[in-house]
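Q: This is the structure I want to talk about, given as structure tokens.
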Amino acid sequence: EIDYVKILTSGNKLIDKKRTYVYPNPVREGNAKIRVFNYSAEKINLKIYDAAGYFVDEIKGKIDVKNGVWETEWDVSNVESGVYLIKLIATNQNREESVILKVGVIH
């Protein structure tokens, strides 16, 4: 049986997708910063793909911030100019949430 009261009152999201983004965007040089507003995720996995869907890079990290902002960087110096998609997967024990972020790179 499903406990609807527990589902409705828990509100236990891992990350705030509306406050998770890449900046500067577009990236002109150096690093793209990926900012995540974290509630209770413990690990982040970022898989980066080009616009054609080819895998480009991966960043894994542990999150040491709860109920606050966590950031990491992606070095864009070795990629071509173009549009990239970042699949961000936040995990905590057995739970997982994901979001797709879009970033432009201009050299």
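Residues in the structure tokens are named by chain (A, B, ... in the order shown) and by number from 1 within that chain; ligands are numbered from 1 in the order shown.
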Set the distance at 12 Å and use only C-alpha atoms: which residues neighbour A:Val27 once local chain neighbours fewer than 4 positions away are removed? I'd like the list as a CSV table (one decimal) with all heavy atoms, in the first residue's frame.

A:
```csv
chain,number,residue,atom,x,y,z
A,22,VAL,N,24.9,26.2,-15.3
A,22,VAL,CA,26.3,26.4,-15.7
A,22,VAL,C,26.5,27.8,-16.0
A,22,VAL,O,25.7,28.5,-16.6
A,22,VAL,CB,26.6,25.6,-17.0
A,22,VAL,CG1,28.0,25.8,-17.5
A,22,VAL,CG2,26.2,24.1,-16.8
A,23,TYR,N,27.7,28.3,-15.5
A,23,TYR,CA,28.1,29.7,-15.8
A,23,TYR,C,29.6,29.8,-16.0
A,23,TYR,O,30.3,29.0,-15.4
A,23,TYR,CB,27.6,30.7,-14.7
A,23,TYR,CG,28.3,30.6,-13.4
A,23,TYR,CD1,29.3,31.5,-13.1
A,23,TYR,CD2,28.1,29.6,-12.5
A,23,TYR,CE1,30.1,31.4,-11.9
A,23,TYR,CE2,28.8,29.5,-11.3
A,23,TYR,CZ,29.8,30.5,-11.0
A,23,TYR,OH,30.5,30.4,-9.9
A,31,ASN,N,37.3,27.6,-17.7
A,31,ASN,CA,36.5,26.6,-17.1
A,31,ASN,C,35.0,27.1,-17.1
A,31,ASN,O,34.7,28.2,-16.8
A,31,ASN,CB,36.9,26.4,-15.7
A,31,ASN,CG,38.3,25.7,-15.6
A,31,ASN,OD1,38.6,24.9,-16.4
A,31,ASN,ND2,39.0,26.2,-14.6
A,32,ALA,N,34.1,26.1,-17.3
A,32,ALA,CA,32.7,26.3,-17.0
A,32,ALA,C,32.5,25.9,-15.6
A,32,ALA,O,33.0,24.9,-15.2
A,32,ALA,CB,31.9,25.4,-18.0
A,33,LYS,N,31.8,26.7,-14.9
A,33,LYS,CA,31.4,26.3,-13.5
A,33,LYS,C,30.0,25.7,-13.5
A,33,LYS,O,29.1,26.3,-14.0
A,33,LYS,CB,31.5,27.6,-12.6
A,33,LYS,CG,32.9,28.1,-12.5
A,33,LYS,CD,33.0,29.3,-11.5
A,33,LYS,CE,34.3,29.8,-11.2
A,33,LYS,NZ,35.3,30.1,-11.8
A,34,ILE,N,29.9,24.6,-12.8
A,34,ILE,CA,28.6,23.9,-12.7
A,34,ILE,C,28.2,24.1,-11.2
A,34,ILE,O,28.9,23.7,-10.3
A,34,ILE,CB,28.7,22.4,-13.0
A,34,ILE,CG1,29.0,22.3,-14.5
A,34,ILE,CG2,27.4,21.7,-12.8
A,34,ILE,CD1,30.4,21.7,-14.8
A,73,GLU,N,34.1,22.5,-11.6
A,73,GLU,CA,34.5,23.1,-12.8
A,73,GLU,C,34.8,22.1,-13.9
A,73,GLU,O,35.2,20.9,-13.7
A,73,GLU,CB,35.8,24.0,-12.7
A,73,GLU,CG,35.5,25.1,-11.7
A,73,GLU,CD,36.8,26.0,-11.6
A,73,GLU,OE1,37.9,25.6,-12.0
A,73,GLU,OE2,36.6,27.1,-11.1
A,74,TRP,N,34.5,22.5,-15.2
A,74,TRP,CA,34.8,21.7,-16.4
A,74,TRP,C,35.7,22.5,-17.2
A,74,TRP,O,35.4,23.6,-17.7
A,74,TRP,CB,33.5,21.3,-17.1
A,74,TRP,CG,33.7,20.6,-18.4
A,74,TRP,CD1,34.6,19.6,-18.7
A,74,TRP,CD2,33.1,20.9,-19.6
A,74,TRP,NE1,34.6,19.2,-20.0
A,74,TRP,CE2,33.6,20.0,-20.6
A,74,TRP,CE3,32.1,21.8,-20.0
A,74,TRP,CZ2,33.2,19.9,-21.9
A,74,TRP,CZ3,31.7,21.7,-21.3
A,74,TRP,CH2,32.2,20.8,-22.3
A,75,ASP,N,36.9,22.0,-17.5
A,75,ASP,CA,37.9,22.6,-18.3
A,75,ASP,C,37.5,22.5,-19.8
A,75,ASP,O,37.5,21.3,-20.3
A,75,ASP,CB,39.3,22.0,-18.0
A,75,ASP,CG,40.4,22.6,-18.9
A,75,ASP,OD1,40.2,23.6,-19.6
A,75,ASP,OD2,41.6,22.1,-18.7
A,76,VAL,N,37.3,23.6,-20.4
A,76,VAL,CA,36.8,23.5,-21.8
A,76,VAL,C,37.9,23.8,-22.8
A,76,VAL,O,37.7,23.9,-24.0
A,76,VAL,CB,35.6,24.5,-22.1
A,76,VAL,CG1,34.4,24.2,-21.2
A,76,VAL,CG2,36.1,25.9,-21.9
A,77,SER,N,39.2,23.9,-22.4
A,77,SER,CA,40.3,24.2,-23.3
A,77,SER,C,40.5,23.1,-24.3
A,77,SER,O,41.1,23.4,-25.4
A,77,SER,CB,41.5,24.5,-22.5
A,77,SER,OG,41.9,23.3,-21.8
A,79,VAL,N,38.1,21.2,-25.8
A,79,VAL,CA,37.0,20.8,-26.6
A,79,VAL,C,36.7,21.9,-27.7
A,79,VAL,O,37.2,23.0,-27.5
A,79,VAL,CB,35.7,20.6,-25.8
A,79,VAL,CG1,35.9,19.5,-24.8
A,79,VAL,CG2,35.3,21.9,-25.1
A,80,GLU,N,36.1,21.5,-28.8
A,80,GLU,CA,35.7,22.4,-29.9
A,80,GLU,C,34.6,23.4,-29.4
A,80,GLU,O,33.9,23.1,-28.5
A,80,GLU,CB,35.3,21.6,-31.1
A,80,GLU,CG,36.2,20.5,-31.5
A,80,GLU,CD,37.0,20.8,-32.7
A,80,GLU,OE1,36.6,21.6,-33.5
A,80,GLU,OE2,38.1,20.2,-32.8
A,81,SER,N,34.5,24.5,-30.2
A,81,SER,CA,33.4,25.4,-30.0
A,81,SER,C,32.1,24.6,-30.4
A,81,SER,O,32.1,23.8,-31.3
A,81,SER,CB,33.5,26.6,-30.9
A,81,SER,OG,34.6,27.4,-30.5
A,82,GLY,N,31.1,24.8,-29.6
A,82,GLY,CA,29.8,24.2,-29.9
A,82,GLY,C,28.9,24.1,-28.7
A,82,GLY,O,29.2,24.7,-27.7
A,83,VAL,N,27.8,23.3,-28.8
A,83,VAL,CA,26.9,23.2,-27.7
A,83,VAL,C,27.1,21.8,-27.1
A,83,VAL,O,27.3,20.8,-27.8
A,83,VAL,CB,25.4,23.3,-28.3
A,83,VAL,CG1,24.4,23.0,-27.2
A,83,VAL,CG2,25.2,24.6,-28.9
A,84,TYR,N,27.1,21.8,-25.8
A,84,TYR,CA,27.3,20.5,-25.0
A,84,TYR,C,26.2,20.3,-24.0
A,84,TYR,O,25.6,21.3,-23.5
A,84,TYR,CB,28.6,20.6,-24.3
A,84,TYR,CG,29.8,20.6,-25.2
A,84,TYR,CD1,30.3,21.8,-25.8
A,84,TYR,CD2,30.4,19.4,-25.6
A,84,TYR,CE1,31.3,21.8,-26.7
A,84,TYR,CE2,31.5,19.4,-26.5
A,84,TYR,CZ,31.9,20.6,-27.1
A,84,TYR,OH,32.9,20.6,-28.0
A,102,LYS,N,22.5,22.6,-20.5
A,102,LYS,CA,23.0,22.9,-21.8
A,102,LYS,C,24.1,24.1,-21.7
A,102,LYS,O,23.8,25.0,-20.9
A,102,LYS,CB,21.9,23.3,-22.8
A,102,LYS,CG,22.4,23.6,-24.2
A,102,LYS,CD,21.3,23.7,-25.2
A,102,LYS,CE,20.3,24.8,-24.9
A,102,LYS,NZ,19.3,25.0,-25.9
A,103,VAL,N,25.2,23.9,-22.3
A,103,VAL,CA,26.2,24.9,-22.2
A,103,VAL,C,26.9,25.1,-23.6
A,103,VAL,O,27.1,24.2,-24.4
A,103,VAL,CB,27.3,24.6,-21.2
A,103,VAL,CG1,28.0,23.3,-21.5
A,103,VAL,CG2,28.3,25.7,-21.0
A,104,GLY,N,27.1,26.4,-23.9
A,104,GLY,CA,27.8,26.7,-25.2
A,104,GLY,C,29.3,27.0,-24.9
A,104,GLY,O,29.6,27.6,-23.9
A,105,VAL,N,30.1,26.6,-25.8
A,105,VAL,CA,31.6,26.8,-25.7
A,105,VAL,C,32.0,27.6,-27.0
A,105,VAL,O,31.7,27.2,-28.1
A,105,VAL,CB,32.4,25.5,-25.6
A,105,VAL,CG1,33.9,25.8,-25.6
A,105,VAL,CG2,32.0,24.8,-24.4
A,106,ILE,N,32.6,28.8,-26.8
A,106,ILE,CA,33.1,29.6,-27.9
A,106,ILE,C,34.6,29.9,-27.7
A,106,ILE,O,35.0,30.4,-26.7
A,106,ILE,CB,32.3,30.9,-28.0
A,106,ILE,CG1,30.8,30.7,-28.1
A,106,ILE,CG2,32.8,31.8,-29.1
A,106,ILE,CD1,30.0,31.9,-28.0
A,107,HIS,N,35.4,29.5,-28.7
A,107,HIS,CA,36.8,29.8,-28.6
A,107,HIS,C,37.2,30.8,-29.6
A,107,HIS,O,36.7,31.0,-30.7
A,107,HIS,CB,37.7,28.5,-28.9
A,107,HIS,CG,37.5,27.5,-27.8
A,107,HIS,ND1,37.9,27.7,-26.5
A,107,HIS,CD2,37.0,26.2,-27.9
A,107,HIS,CE1,37.7,26.6,-25.8
A,107,HIS,NE2,37.1,25.7,-26.6
```

Q: Give the answer as one residue: which of A:Lys43, A:Asp57, A:Asp16, A:Ile48 has the shortest atom-to-atom distance to A:Ile100, using only C-alpha atoms?

A: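 Smallest distance to A:Ile100 is found for A:Ile48.
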
Q: As a PyMOL selection string, please: every residue in chain A that DSSP puts in helix (DSSP H, G or I).

A: chain A and resi 4-10

Q: Please produce a file of those selected residues containing all heavy atoms, as a PDB file, in the first residue's frame.

A:
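Saved result, again19.pdb, follows:
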```
ATOM      1  N   TYR A   4       0.455   7.863   0.912  1.00  0.00           N
ATOM      2  CA  TYR A   4       0.399   9.163   0.244  1.00  0.00           C
ATOM      3  C   TYR A   4       0.750  10.316   1.173  1.00  0.00           C
ATOM      4  O   TYR A   4       1.315  11.309   0.745  1.00  0.00           O
ATOM      5  CB  TYR A   4      -0.983   9.384  -0.383  1.00  0.00           C
ATOM      6  CG  TYR A   4      -1.234   8.484  -1.551  1.00  0.00           C
ATOM      7  CD1 TYR A   4      -2.070   7.385  -1.443  1.00  0.00           C
ATOM      8  CD2 TYR A   4      -0.615   8.716  -2.769  1.00  0.00           C
ATOM      9  CE1 TYR A   4      -2.294   6.539  -2.524  1.00  0.00           C
ATOM     10  CE2 TYR A   4      -0.821   7.885  -3.854  1.00  0.00           C
ATOM     11  CZ  TYR A   4      -1.658   6.800  -3.725  1.00  0.00           C
ATOM     12  OH  TYR A   4      -1.864   5.971  -4.781  1.00  0.00           O
ATOM     13  N   VAL A   5       0.421  10.199   2.437  1.00  0.00           N
ATOM     14  CA  VAL A   5       0.764  11.261   3.386  1.00  0.00           C
ATOM     15  C   VAL A   5       2.274  11.420   3.459  1.00  0.00           C
ATOM     16  O   VAL A   5       2.802  12.532   3.420  1.00  0.00           O
ATOM     17  CB  VAL A   5       0.169  10.958   4.789  1.00  0.00           C
ATOM     18  CG1 VAL A   5       0.655  11.982   5.790  1.00  0.00           C
ATOM     19  CG2 VAL A   5      -1.344  10.936   4.719  1.00  0.00           C
ATOM     20  N   LYS A   6       2.993  10.319   3.514  1.00  0.00           N
ATOM     21  CA  LYS A   6       4.454  10.374   3.562  1.00  0.00           C
ATOM     22  C   LYS A   6       5.012  10.999   2.285  1.00  0.00           C
ATOM     23  O   LYS A   6       5.922  11.824   2.331  1.00  0.00           O
ATOM     24  CB  LYS A   6       5.026   8.972   3.767  1.00  0.00           C
ATOM     25  CG  LYS A   6       6.514   8.955   3.948  1.00  0.00           C
ATOM     26  CD  LYS A   6       7.007   7.560   4.244  1.00  0.00           C
ATOM     27  CE  LYS A   6       8.513   7.558   4.436  1.00  0.00           C
ATOM     28  NZ  LYS A   6       9.021   6.211   4.676  1.00  0.00           N
ATOM     29  N   ILE A   7       4.454  10.627   1.135  1.00  0.00           N
ATOM     30  CA  ILE A   7       4.921  11.169  -0.133  1.00  0.00           C
ATOM     31  C   ILE A   7       4.679  12.672  -0.199  1.00  0.00           C
ATOM     32  O   ILE A   7       5.548  13.444  -0.585  1.00  0.00           O
ATOM     33  CB  ILE A   7       4.228  10.469  -1.322  1.00  0.00           C
ATOM     34  CG1 ILE A   7       4.700   9.014  -1.403  1.00  0.00           C
ATOM     35  CG2 ILE A   7       4.503  11.198  -2.624  1.00  0.00           C
ATOM     36  CD1 ILE A   7       3.918   8.180  -2.390  1.00  0.00           C
ATOM     37  N   LEU A   8       3.505  13.118   0.219  1.00  0.00           N
ATOM     38  CA  LEU A   8       3.152  14.537   0.122  1.00  0.00           C
ATOM     39  C   LEU A   8       3.884  15.408   1.129  1.00  0.00           C
ATOM     40  O   LEU A   8       4.138  16.574   0.878  1.00  0.00           O
ATOM     41  CB  LEU A   8       1.635  14.716   0.295  1.00  0.00           C
ATOM     42  CG  LEU A   8       0.781  14.134  -0.820  1.00  0.00           C
ATOM     43  CD1 LEU A   8      -0.687  14.230  -0.442  1.00  0.00           C
ATOM     44  CD2 LEU A   8       1.042  14.852  -2.133  1.00  0.00           C
ATOM     45  N   THR A   9       4.235  14.852   2.275  1.00  0.00           N
ATOM     46  CA  THR A   9       4.852  15.671   3.314  1.00  0.00           C
ATOM     47  C   THR A   9       6.364  15.572   3.339  1.00  0.00           C
ATOM     48  O   THR A   9       7.021  16.354   4.008  1.00  0.00           O
ATOM     49  CB  THR A   9       4.305  15.292   4.702  1.00  0.00           C
ATOM     50  OG1 THR A   9       4.583  13.912   4.940  1.00  0.00           O
ATOM     51  CG2 THR A   9       2.827  15.558   4.810  1.00  0.00           C
ATOM     52  N   SER A  10       6.937  14.623   2.617  1.00  0.00           N
ATOM     53  CA  SER A  10       8.382  14.436   2.710  1.00  0.00           C
ATOM     54  C   SER A  10       9.145  15.568   2.046  1.00  0.00           C
ATOM     55  O   SER A  10      10.074  16.102   2.618  1.00  0.00           O
ATOM     56  CB  SER A  10       8.799  13.089   2.113  1.00  0.00           C
ATOM     57  OG  SER A  10       8.498  13.063   0.736  1.00  0.00           O
TER      58      SER A  10
END
```

Q: I'd like the interatomic distance between atom CA of A:Ala90 and atom CA of A:Pro26, to a tenth of an Å.

A: 23.6 Å

Q: What parts of chain A does DSSP call strand (DSSP E or B)? I'd like the answer as a ChimeraX atom specification.

A: /A:15-23,27,31-38,43-50,55-62,68-75,82-92,95-105

Q: For A:Asn45, find every residue with an atom within 9 Å (counting only C-alpha atoms), except residues of its own chain fewer than 4 positions away, and show them as a PyMOL selection string.

A: chain A and resi 58-62+87-91

Q: Report, in Å to a single decimal, how far apart atom CA of A:Phe37 and atom CA of A:Glu71 are.

A: 8.7 Å

Q: Please determine, counting only C-alpha atoms, which residue among A:Val99, A:Leu14, A:Asn94, A:Lys47 has the shortest atom-to-atom distance to A:Ile63.

A: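 Going through A:Val99, A:Leu14, A:Asn94, A:Lys47 one by one, the smallest distance to A:Ile63 is for A:Leu14.
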
Q: With only C-alpha atoms as the counted atoms, please give the residues lying no more than 12 Å from A:Asn67, apart from itself and same-chain residues fewer than 5 positions off, as number ranges by chain.

A: A: 12-16, 19, 36-42

Q: One number please: atom CA of A:Ala51 to atom CA of A:Ile86, in Å, one decimal.

A: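 Distance between the two atoms: 10.3 Å.
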